[in-house]
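Coordinates as given in protein-v5.pdb (PDB, N, CA and C atoms):
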```pdb
ATOM      1  N   MET D   1      86.474  41.396-100.606
ATOM      2  CA  MET D   1      85.934  42.340 -99.643
ATOM      3  C   MET D   1      85.353  41.562 -98.460
ATOM      4  N   PRO D   2      85.357  42.201 -97.296
ATOM      5  CA  PRO D   2      84.737  41.549 -96.141
ATOM      6  C   PRO D   2      83.231  41.392 -96.373
ATOM      7  N   PRO D   3      82.599  40.511 -95.607
ATOM      8  CA  PRO D   3      81.166  40.293 -95.803
ATOM      9  C   PRO D   3      80.303  41.502 -95.410
ATOM     10  N   TYR D   4      80.804  42.338 -94.498
ATOM     11  CA  TYR D   4      80.079  43.544 -94.074
ATOM     12  C   TYR D   4      81.068  44.516 -93.450
ATOM     13  N   ARG D   5      80.639  45.768 -93.322
ATOM     14  CA  ARG D   5      81.471  46.819 -92.746
ATOM     15  C   ARG D   5      81.439  46.722 -91.228
ATOM     16  N   TYR D   6      82.614  46.675 -90.619
ATOM     17  CA  TYR D   6      82.703  46.627 -89.161
ATOM     18  C   TYR D   6      82.562  48.030 -88.588
ATOM     19  N   LEU D   7      81.664  48.167 -87.622
ATOM     20  CA  LEU D   7      81.476  49.412 -86.902
ATOM     21  C   LEU D   7      81.680  49.111 -85.419
ATOM     22  N   PRO D   8      82.798  49.546 -84.845
ATOM     23  CA  PRO D   8      83.088  49.240 -83.443
ATOM     24  C   PRO D   8      81.937  49.630 -82.514
ATOM     25  N   GLY D   9      81.587  48.695 -81.657
ATOM     26  CA  GLY D   9      80.499  48.930 -80.718
ATOM     27  C   GLY D   9      79.112  48.682 -81.278
ATOM     28  N   ARG D  10      79.043  48.404 -82.570
ATOM     29  CA  ARG D  10      77.730  48.211 -83.201
ATOM     30  C   ARG D  10      77.531  46.822 -83.784
ATOM     31  N   ASN D  11      78.624  46.164 -84.197
ATOM     32  CA  ASN D  11      78.503  44.807 -84.717
ATOM     33  C   ASN D  11      79.793  44.043 -84.443
ATOM     34  N   LEU D  12      79.789  42.777 -84.736
ATOM     35  CA  LEU D  12      80.953  41.942 -84.503
ATOM     36  C   LEU D  12      81.971  42.105 -85.625
ATOM     37  N   HIS D  13      83.244  42.032 -85.267
ATOM     38  CA  HIS D  13      84.315  42.109 -86.257
ATOM     39  C   HIS D  13      84.278  40.846 -87.107
ATOM     40  N   PRO D  14      84.269  40.980 -88.439
ATOM     41  CA  PRO D  14      84.150  39.801 -89.298
ATOM     42  C   PRO D  14      85.428  38.972 -89.420
ATOM     43  N   GLY D  15      86.513  39.423 -88.817
ATOM     44  CA  GLY D  15      87.779  38.706 -88.921
ATOM     45  C   GLY D  15      88.689  39.350 -89.942
ATOM     46  N   GLU D  16      89.920  38.890 -89.984
ATOM     47  CA  GLU D  16      90.904  39.506 -90.859
ATOM     48  C   GLU D  16      91.308  38.603 -92.016
ATOM     49  N   GLY D  17      90.547  37.558 -92.292
ATOM     50  CA  GLY D  17      90.879  36.634 -93.363
ATOM     51  C   GLY D  17      90.882  37.261 -94.743
ATOM     52  N   HIS D  18      90.283  38.420 -94.896
ATOM     53  CA  HIS D  18      90.219  39.083 -96.200
ATOM     54  C   HIS D  18      91.482  39.884 -96.507
ATOM     55  N   LEU D  19      92.350  40.105 -95.518
ATOM     56  CA  LEU D  19      93.511  40.969 -95.716
ATOM     57  C   LEU D  19      94.647  40.243 -96.431
ATOM     58  N   PRO D  20      95.215  40.854 -97.470
ATOM     59  CA  PRO D  20      96.374  40.252 -98.141
ATOM     60  C   PRO D  20      97.637  40.492 -97.315
ATOM     61  N   GLU D  21      98.705  39.794 -97.659
ATOM     62  CA  GLU D  21     100.000  40.076 -97.048
ATOM     63  C   GLU D  21     100.384  41.503 -97.411
ATOM     64  N   TRP D  22     101.252  42.108 -96.607
ATOM     65  CA  TRP D  22     101.587  43.506 -96.865
ATOM     66  C   TRP D  22     102.393  43.645 -98.148
ATOM     67  N   GLY D  23     102.308  44.799 -98.733
ATOM     68  CA  GLY D  23     102.986  45.101 -99.994
ATOM     69  C   GLY D  23     102.075  45.931-100.870
ATOM     70  N   GLN D  24     102.413  46.032-102.140
ATOM     71  CA  GLN D  24     101.630  46.841-103.069
ATOM     72  C   GLN D  24     100.186  46.362-103.143
ATOM     73  N   GLU D  25      99.987  45.057-103.058
ATOM     74  CA  GLU D  25      98.634  44.509-103.092
ATOM     75  C   GLU D  25      97.824  44.989-101.886
ATOM     76  N   ALA D  26      98.448  45.018-100.711
ATOM     77  CA  ALA D  26      97.763  45.481 -99.503
ATOM     78  C   ALA D  26      97.411  46.961 -99.624
ATOM     79  N   TYR D  27      98.311  47.754-100.213
ATOM     80  CA  TYR D  27      98.040  49.177-100.403
ATOM     81  C   TYR D  27      96.830  49.372-101.318
ATOM     82  N   ALA D  28      96.837  48.706-102.461
ATOM     83  CA  ALA D  28      95.719  48.830-103.406
ATOM     84  C   ALA D  28      94.420  48.349-102.776
ATOM     85  N   TYR D  29      94.501  47.272-102.025
ATOM     86  CA  TYR D  29      93.307  46.747-101.358
ATOM     87  C   TYR D  29      92.806  47.739-100.316
ATOM     88  N   GLY D  30      93.717  48.342 -99.562
ATOM     89  CA  GLY D  30      93.321  49.349 -98.582
ATOM     90  C   GLY D  30      92.593  50.514 -99.220
ATOM     91  N   ILE D  31      93.076  50.955-100.367
ATOM     92  CA  ILE D  31      92.419  52.053-101.090
ATOM     93  C   ILE D  31      91.052  51.610-101.595
ATOM     94  N   ASP D  32      90.967  50.395-102.128
ATOM     95  CA  ASP D  32      89.673  49.867-102.576
ATOM     96  C   ASP D  32      88.683  49.782-101.419
ATOM     97  N   LEU D  33      89.157  49.305-100.261
ATOM     98  CA  LEU D  33      88.295  49.226 -99.076
ATOM     99  C   LEU D  33      87.782  50.611 -98.691
ATOM    100  N   TYR D  34      88.671  51.591 -98.696
ATOM    101  CA  TYR D  34      88.289  52.959 -98.357
ATOM    102  C   TYR D  34      87.189  53.451 -99.286
ATOM    103  N   HIS D  35      87.392  53.283-100.581
ATOM    104  CA  HIS D  35      86.406  53.761-101.556
ATOM    105  C   HIS D  35      85.074  53.031-101.448
ATOM    106  N   ALA D  36      85.101  51.816-100.922
ATOM    107  CA  ALA D  36      83.866  51.050-100.740
ATOM    108  C   ALA D  36      83.212  51.326 -99.385
ATOM    109  N   GLY D  37      83.808  52.205 -98.580
ATOM    110  CA  GLY D  37      83.225  52.553 -97.285
ATOM    111  C   GLY D  37      83.601  51.616 -96.145
ATOM    112  N   PHE D  38      84.600  50.754 -96.365
ATOM    113  CA  PHE D  38      85.087  49.853 -95.322
ATOM    114  C   PHE D  38      86.269  50.539 -94.625
ATOM    115  N   PHE D  39      85.963  51.535 -93.799
ATOM    116  CA  PHE D  39      87.010  52.381 -93.233
ATOM    117  C   PHE D  39      87.865  51.658 -92.201
ATOM    118  N   PHE D  40      87.267  50.884 -91.311
ATOM    119  CA  PHE D  40      88.038  50.133 -90.334
ATOM    120  C   PHE D  40      88.954  49.142 -91.037
ATOM    121  N   GLU D  41      88.422  48.471 -92.021
ATOM    122  CA  GLU D  41      89.175  47.465 -92.754
ATOM    123  C   GLU D  41      90.305  48.090 -93.566
ATOM    124  N   ALA D  42      90.066  49.281 -94.129
ATOM    125  CA  ALA D  42      91.117  49.992 -94.854
ATOM    126  C   ALA D  42      92.267  50.323 -93.908
ATOM    127  N   HIS D  43      91.921  50.744 -92.710
ATOM    128  CA  HIS D  43      92.925  51.031 -91.686
ATOM    129  C   HIS D  43      93.753  49.780 -91.402
ATOM    130  N   GLU D  44      93.084  48.638 -91.268
ATOM    131  CA  GLU D  44      93.782  47.375 -91.002
ATOM    132  C   GLU D  44      94.718  46.988 -92.147
ATOM    133  N   ALA D  45      94.338  47.278 -93.368
ATOM    134  CA  ALA D  45      95.164  46.930 -94.526
ATOM    135  C   ALA D  45      96.380  47.848 -94.642
ATOM    136  N   LEU D  46      96.217  49.126 -94.303
ATOM    137  CA  LEU D  46      97.289  50.098 -94.476
ATOM    138  C   LEU D  46      98.263  50.153 -93.304
ATOM    139  N   GLU D  47      97.803  49.848 -92.117
ATOM    140  CA  GLU D  47      98.664  50.001 -90.932
ATOM    141  C   GLU D  47      99.940  49.168 -90.983
ATOM    142  N   PRO D  48      99.906  47.897 -91.404
ATOM    143  CA  PRO D  48     101.172  47.144 -91.478
ATOM    144  C   PRO D  48     102.186  47.775 -92.428
ATOM    145  N   LEU D  49     101.710  48.409 -93.487
ATOM    146  CA  LEU D  49     102.609  49.088 -94.417
ATOM    147  C   LEU D  49     103.281  50.272 -93.742
ATOM    148  N   TRP D  50     102.501  51.021 -92.975
ATOM    149  CA  TRP D  50     103.025  52.161 -92.228
ATOM    150  C   TRP D  50     104.052  51.691 -91.206
ATOM    151  N   LEU D  51     103.720  50.639 -90.461
ATOM    152  CA  LEU D  51     104.630  50.132 -89.436
ATOM    153  C   LEU D  51     105.944  49.632 -90.034
ATOM    154  N   ALA D  52     105.893  49.092 -91.243
ATOM    155  CA  ALA D  52     107.092  48.551 -91.886
ATOM    156  C   ALA D  52     107.918  49.621 -92.601
ATOM    157  N   SER D  53     107.373  50.816 -92.742
ATOM    158  CA  SER D  53     108.084  51.888 -93.447
ATOM    159  C   SER D  53     109.200  52.456 -92.577
ATOM    160  N   PRO D  54     110.297  52.847 -93.215
ATOM    161  CA  PRO D  54     111.390  53.457 -92.453
ATOM    162  C   PRO D  54     110.953  54.777 -91.824
ATOM    163  N   LYS D  55     111.487  55.052 -90.645
ATOM    164  CA  LYS D  55     111.220  56.339 -89.988
ATOM    165  C   LYS D  55     111.702  57.467 -90.893
ATOM    166  N   ARG D  56     111.046  58.590 -90.825
ATOM    167  CA  ARG D  56     111.385  59.786 -91.605
ATOM    168  C   ARG D  56     111.301  59.572 -93.115
ATOM    169  N   ASP D  57     110.493  58.627 -93.514
ATOM    170  CA  ASP D  57     110.271  58.357 -94.936
ATOM    171  C   ASP D  57     108.975  59.057 -95.339
ATOM    172  N   LEU D  58     108.987  59.730 -96.470
ATOM    173  CA  LEU D  58     107.812  60.452 -96.936
ATOM    174  C   LEU D  58     106.634  59.514 -97.176
ATOM    175  N   LYS D  59     106.917  58.290 -97.624
ATOM    176  CA  LYS D  59     105.848  57.314 -97.811
ATOM    177  C   LYS D  59     105.191  56.971 -96.481
ATOM    178  N   ARG D  60     105.985  56.909 -95.421
ATOM    179  CA  ARG D  60     105.447  56.627 -94.087
ATOM    180  C   ARG D  60     104.494  57.753 -93.659
ATOM    181  N   THR D  61     104.894  58.980 -93.907
ATOM    182  CA  THR D  61     104.050  60.128 -93.569
ATOM    183  C   THR D  61     102.758  60.098 -94.377
ATOM    184  N   PHE D  62     102.871  59.761 -95.656
ATOM    185  CA  PHE D  62     101.692  59.656 -96.513
ATOM    186  C   PHE D  62     100.739  58.583 -95.989
ATOM    187  N   LEU D  63     101.284  57.410 -95.660
ATOM    188  CA  LEU D  63     100.444  56.329 -95.128
ATOM    189  C   LEU D  63      99.774  56.744 -93.830
ATOM    190  N   LEU D  64     100.498  57.465 -92.978
ATOM    191  CA  LEU D  64      99.901  57.924 -91.722
ATOM    192  C   LEU D  64      98.733  58.867 -92.004
ATOM    193  N   GLY D  65      98.882  59.737 -92.988
ATOM    194  CA  GLY D  65      97.778  60.620 -93.365
ATOM    195  C   GLY D  65      96.569  59.836 -93.843
ATOM    196  N   LEU D  66      96.809  58.817 -94.660
ATOM    197  CA  LEU D  66      95.701  57.974 -95.124
ATOM    198  C   LEU D  66      95.033  57.246 -93.964
ATOM    199  N   ILE D  67      95.829  56.703 -93.067
ATOM    200  CA  ILE D  67      95.289  55.962 -91.922
ATOM    201  C   ILE D  67      94.469  56.880 -91.020
ATOM    202  N   GLN D  68      94.989  58.080 -90.759
ATOM    203  CA  GLN D  68      94.239  59.040 -89.945
ATOM    204  C   GLN D  68      92.922  59.403 -90.626
ATOM    205  N   ASN D  69      92.941  59.504 -91.948
ATOM    206  CA  ASN D  69      91.712  59.816 -92.678
ATOM    207  C   ASN D  69      90.706  58.669 -92.597
ATOM    208  N   THR D  70      91.187  57.419 -92.692
ATOM    209  CA  THR D  70      90.249  56.292 -92.572
ATOM    210  C   THR D  70      89.597  56.300 -91.198
ATOM    211  N   ALA D  71      90.390  56.614 -90.174
ATOM    212  CA  ALA D  71      89.838  56.676 -88.815
ATOM    213  C   ALA D  71      88.825  57.813 -88.692
ATOM    214  N   ALA D  72      89.117  58.949 -89.321
ATOM    215  CA  ALA D  72      88.188  60.080 -89.295
ATOM    216  C   ALA D  72      86.865  59.715 -89.960
ATOM    217  N   GLN D  73      86.942  59.048 -91.099
ATOM    218  CA  GLN D  73      85.722  58.650 -91.802
ATOM    219  C   GLN D  73      84.889  57.681 -90.968
ATOM    220  N   LEU D  74      85.558  56.775 -90.270
ATOM    221  CA  LEU D  74      84.842  55.851 -89.383
ATOM    222  C   LEU D  74      84.133  56.616 -88.269
ATOM    223  N   LYS D  75      84.795  57.619 -87.726
ATOM    224  CA  LYS D  75      84.172  58.431 -86.660
ATOM    225  C   LYS D  75      82.972  59.205 -87.208
ATOM    226  N   ILE D  76      83.039  59.647 -88.454
ATOM    227  CA  ILE D  76      81.895  60.334 -89.055
ATOM    228  C   ILE D  76      80.716  59.376 -89.176
ATOM    229  N   VAL D  77      80.985  58.159 -89.658
ATOM    230  CA  VAL D  77      79.923  57.154 -89.805
ATOM    231  C   VAL D  77      79.260  56.844 -88.465
ATOM    232  N   THR D  78      80.055  56.861 -87.389
ATOM    233  CA  THR D  78      79.509  56.547 -86.060
ATOM    234  C   THR D  78      79.109  57.802 -85.283
ATOM    235  N   ALA D  79      79.070  58.940 -85.986
ATOM    236  CA  ALA D  79      78.607  60.213 -85.414
ATOM    237  C   ALA D  79      79.407  60.652 -84.191
ATOM    238  N   GLN D  80      80.706  60.431 -84.230
ATOM    239  CA  GLN D  80      81.609  60.904 -83.173
ATOM    240  C   GLN D  80      82.332  62.132 -83.718
ATOM    241  N   TRP D  81      81.664  63.275 -83.622
ATOM    242  CA  TRP D  81      82.085  64.469 -84.330
ATOM    243  C   TRP D  81      83.388  65.061 -83.826
ATOM    244  N   GLY D  82      83.615  65.100 -82.527
ATOM    245  CA  GLY D  82      84.865  65.644 -81.988
ATOM    246  C   GLY D  82      86.073  64.849 -82.454
ATOM    247  N   PRO D  83      86.080  63.529 -82.230
ATOM    248  CA  PRO D  83      87.199  62.727 -82.736
ATOM    249  C   PRO D  83      87.330  62.794 -84.261
ATOM    250  N   ALA D  84      86.225  62.881 -84.972
ATOM    251  CA  ALA D  84      86.283  62.979 -86.439
ATOM    252  C   ALA D  84      87.017  64.252 -86.851
ATOM    253  N   ARG D  85      86.720  65.349 -86.172
ATOM    254  CA  ARG D  85      87.373  66.619 -86.484
ATOM    255  C   ARG D  85      88.875  66.538 -86.197
ATOM    256  N   THR D  86      89.232  66.004 -85.029
ATOM    257  CA  THR D  86      90.644  65.889 -84.651
ATOM    258  C   THR D  86      91.411  65.005 -85.630
ATOM    259  N   LEU D  87      90.859  63.853 -85.957
ATOM    260  CA  LEU D  87      91.516  62.936 -86.883
ATOM    261  C   LEU D  87      91.608  63.525 -88.285
ATOM    262  N   SER D  88      90.583  64.251 -88.717
ATOM    263  CA  SER D  88      90.618  64.906 -90.027
ATOM    264  C   SER D  88      91.728  65.949 -90.079
ATOM    265  N   GLN D  89      91.871  66.716 -89.002
ATOM    266  CA  GLN D  89      92.930  67.730 -88.952
ATOM    267  C   GLN D  89      94.306  67.081 -88.992
ATOM    268  N   ARG D  90      94.464  65.971 -88.270
ATOM    269  CA  ARG D  90      95.746  65.262 -88.292
ATOM    270  C   ARG D  90      96.040  64.716 -89.691
ATOM    271  N   ALA D  91      95.021  64.118 -90.303
ATOM    272  CA  ALA D  91      95.205  63.571 -91.654
ATOM    273  C   ALA D  91      95.628  64.674 -92.613
ATOM    274  N   LEU D  92      94.935  65.802 -92.557
ATOM    275  CA  LEU D  92      95.263  66.920 -93.444
ATOM    276  C   LEU D  92      96.685  67.410 -93.200
ATOM    277  N   HIS D  93      97.096  67.465 -91.934
ATOM    278  CA  HIS D  93      98.452  67.898 -91.602
ATOM    279  C   HIS D  93      99.485  66.996 -92.277
ATOM    280  N   TYR D  94      99.331  65.681 -92.128
ATOM    281  CA  TYR D  94     100.309  64.758 -92.701
ATOM    282  C   TYR D  94     100.291  64.784 -94.228
ATOM    283  N   LEU D  95      99.112  64.834 -94.812
ATOM    284  CA  LEU D  95      99.020  64.848 -96.268
ATOM    285  C   LEU D  95      99.542  66.171 -96.837
ATOM    286  N   GLU D  96      99.290  67.253 -96.154
ATOM    287  CA  GLU D  96      99.816  68.547 -96.588
ATOM    288  C   GLU D  96     101.334  68.561 -96.465
ATOM    289  N   LEU D  97     101.859  67.959 -95.429
ATOM    290  CA  LEU D  97     103.311  67.858 -95.260
ATOM    291  C   LEU D  97     103.930  67.118 -96.441
ATOM    292  N   VAL D  98     103.324  66.026 -96.845
ATOM    293  CA  VAL D  98     103.823  65.279 -97.999
ATOM    294  C   VAL D  98     103.746  66.127 -99.254
ATOM    295  N   ARG D  99     102.637  66.808 -99.443
ATOM    296  CA  ARG D  99     102.474  67.643-100.640
ATOM    297  C   ARG D  99     103.536  68.734-100.707
ATOM    298  N   THR D 100     103.779  69.415 -99.603
ATOM    299  CA  THR D 100     104.733  70.515 -99.625
ATOM    300  C   THR D 100     106.168  70.020 -99.782
ATOM    301  N   LEU D 101     106.481  68.851 -99.245
ATOM    302  CA  LEU D 101     107.834  68.316 -99.367
ATOM    303  C   LEU D 101     108.095  67.730-100.745
ATOM    304  N   GLU D 102     107.051  67.301-101.436
ATOM    305  CA  GLU D 102     107.208  66.725-102.780
ATOM    306  C   GLU D 102     107.168  67.792-103.870
ATOM    307  N   THR D 103     106.633  68.958-103.562
ATOM    308  CA  THR D 103     106.510  70.009-104.562
ATOM    309  C   THR D 103     107.871  70.688-104.749
ATOM    310  N   PRO D 104     108.340  70.795-106.004
ATOM    311  CA  PRO D 104     109.654  71.456-106.237
ATOM    312  C   PRO D 104     109.614  72.938-105.939
TER     313      PRO D 104
END
```
Translate this file's structure into structure tokens.
Amino acid sequence: MPPYRYLPGRNLHPGEGHLPEWGQEAYAYGIDLYHAGFFFEAHEALEPLWLASPKRDLKRTFLLGLIQNTAAQLKIVTAQWGPARTLSQRALHYLELVRTLETP
């Protein structure tokens, strides 16, 4: 885990030395970061996976929903309510899309 949670505009970025190479390990680490309240760092761990995913892939849509949610949580922590609401709605849209497409 990083030494502290990065909050844009409030403290210095601790660097990216804690991030694993992309893959299943990066995904699990991103989820662990999210659950530990490291929202910016979770975004950093998940974004390369999203970028490497094929277009129109359900996994890509799922990752985008997770990334939008990490950004929303960061906005909540920094009391940016308008952006938090917008990002939360986007996250819900993508995650709901995945749910409806995966449901038989």
Axis-aligned box for all listed atoms of segment 31-36 of chain D, 5 Å per side, centre and edges in Å to one decimal, as lines of an AutoDock Vina configuration file:
```
center_x = 88.1
center_y = 51.5
center_z = -100.5
size_x = 19.9
size_y = 14.5
size_z = 14.2
```
Mind checking which residues fall within 6 Å of segment 37-40 of chain D, counting only N, CA and C atoms, ignoring those fewer than 6 positions away in the same chain, and posting them as a list of chain:residue names? D:Arg5, D:Thr70, D:Ala71, D:Leu74
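Here atom CA of Arg56 of chain D stands at a distance of 17.7 Å from atom CA of Leu92 of chain D.
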For the PyMOL selection byres (((chain D and resi 64 and name CA) around 9) and name CA), applied here, can you spell out every residue it catches as an MDAnalysis selection string? chainID D and resid 46:47 50 59:63 65:69 91 94:95
Any idea what the distance is between atom C of Glu44 of chain D and atom C of Gly82 of chain D?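 So the answer is 22.1 Å.
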Enumerate the residues of chain D with a DSSP assignment of alpha helix (DSSP H), computed from the backbone, and present them as an NGL selection string. :D and (24-35 or 39-52 or 58-77 or 81-102)
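Counting only N, CA and C atoms, Pro83 of chain D has the following residues at most 7 Å away, ignoring those fewer than 6 positions along the same chain: D:Ala71, D:Ala72, D:Lys75, D:Ile76.
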What is the distance, in Å and to one decimal place, between atom CA of Ala28 of chain D and atom CA of Pro2 of chain D?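 Between these atoms lies a distance of 15.0 Å.
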Evaluate the PyMOL selection byres ((chain D and resi 30-32) around 8) on the structure here and hand back the selected residues as a ChimeraX atom specification. /D:20,24-29,33-38,41-47
Given all atoms listed in the file as the counted atoms, nearest of D:Val98, D:Arg85, D:His93, D:Gln80 to Leu58 of chain D: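 For Leu58 of chain D, the nearest of the candidates is D:Val98.
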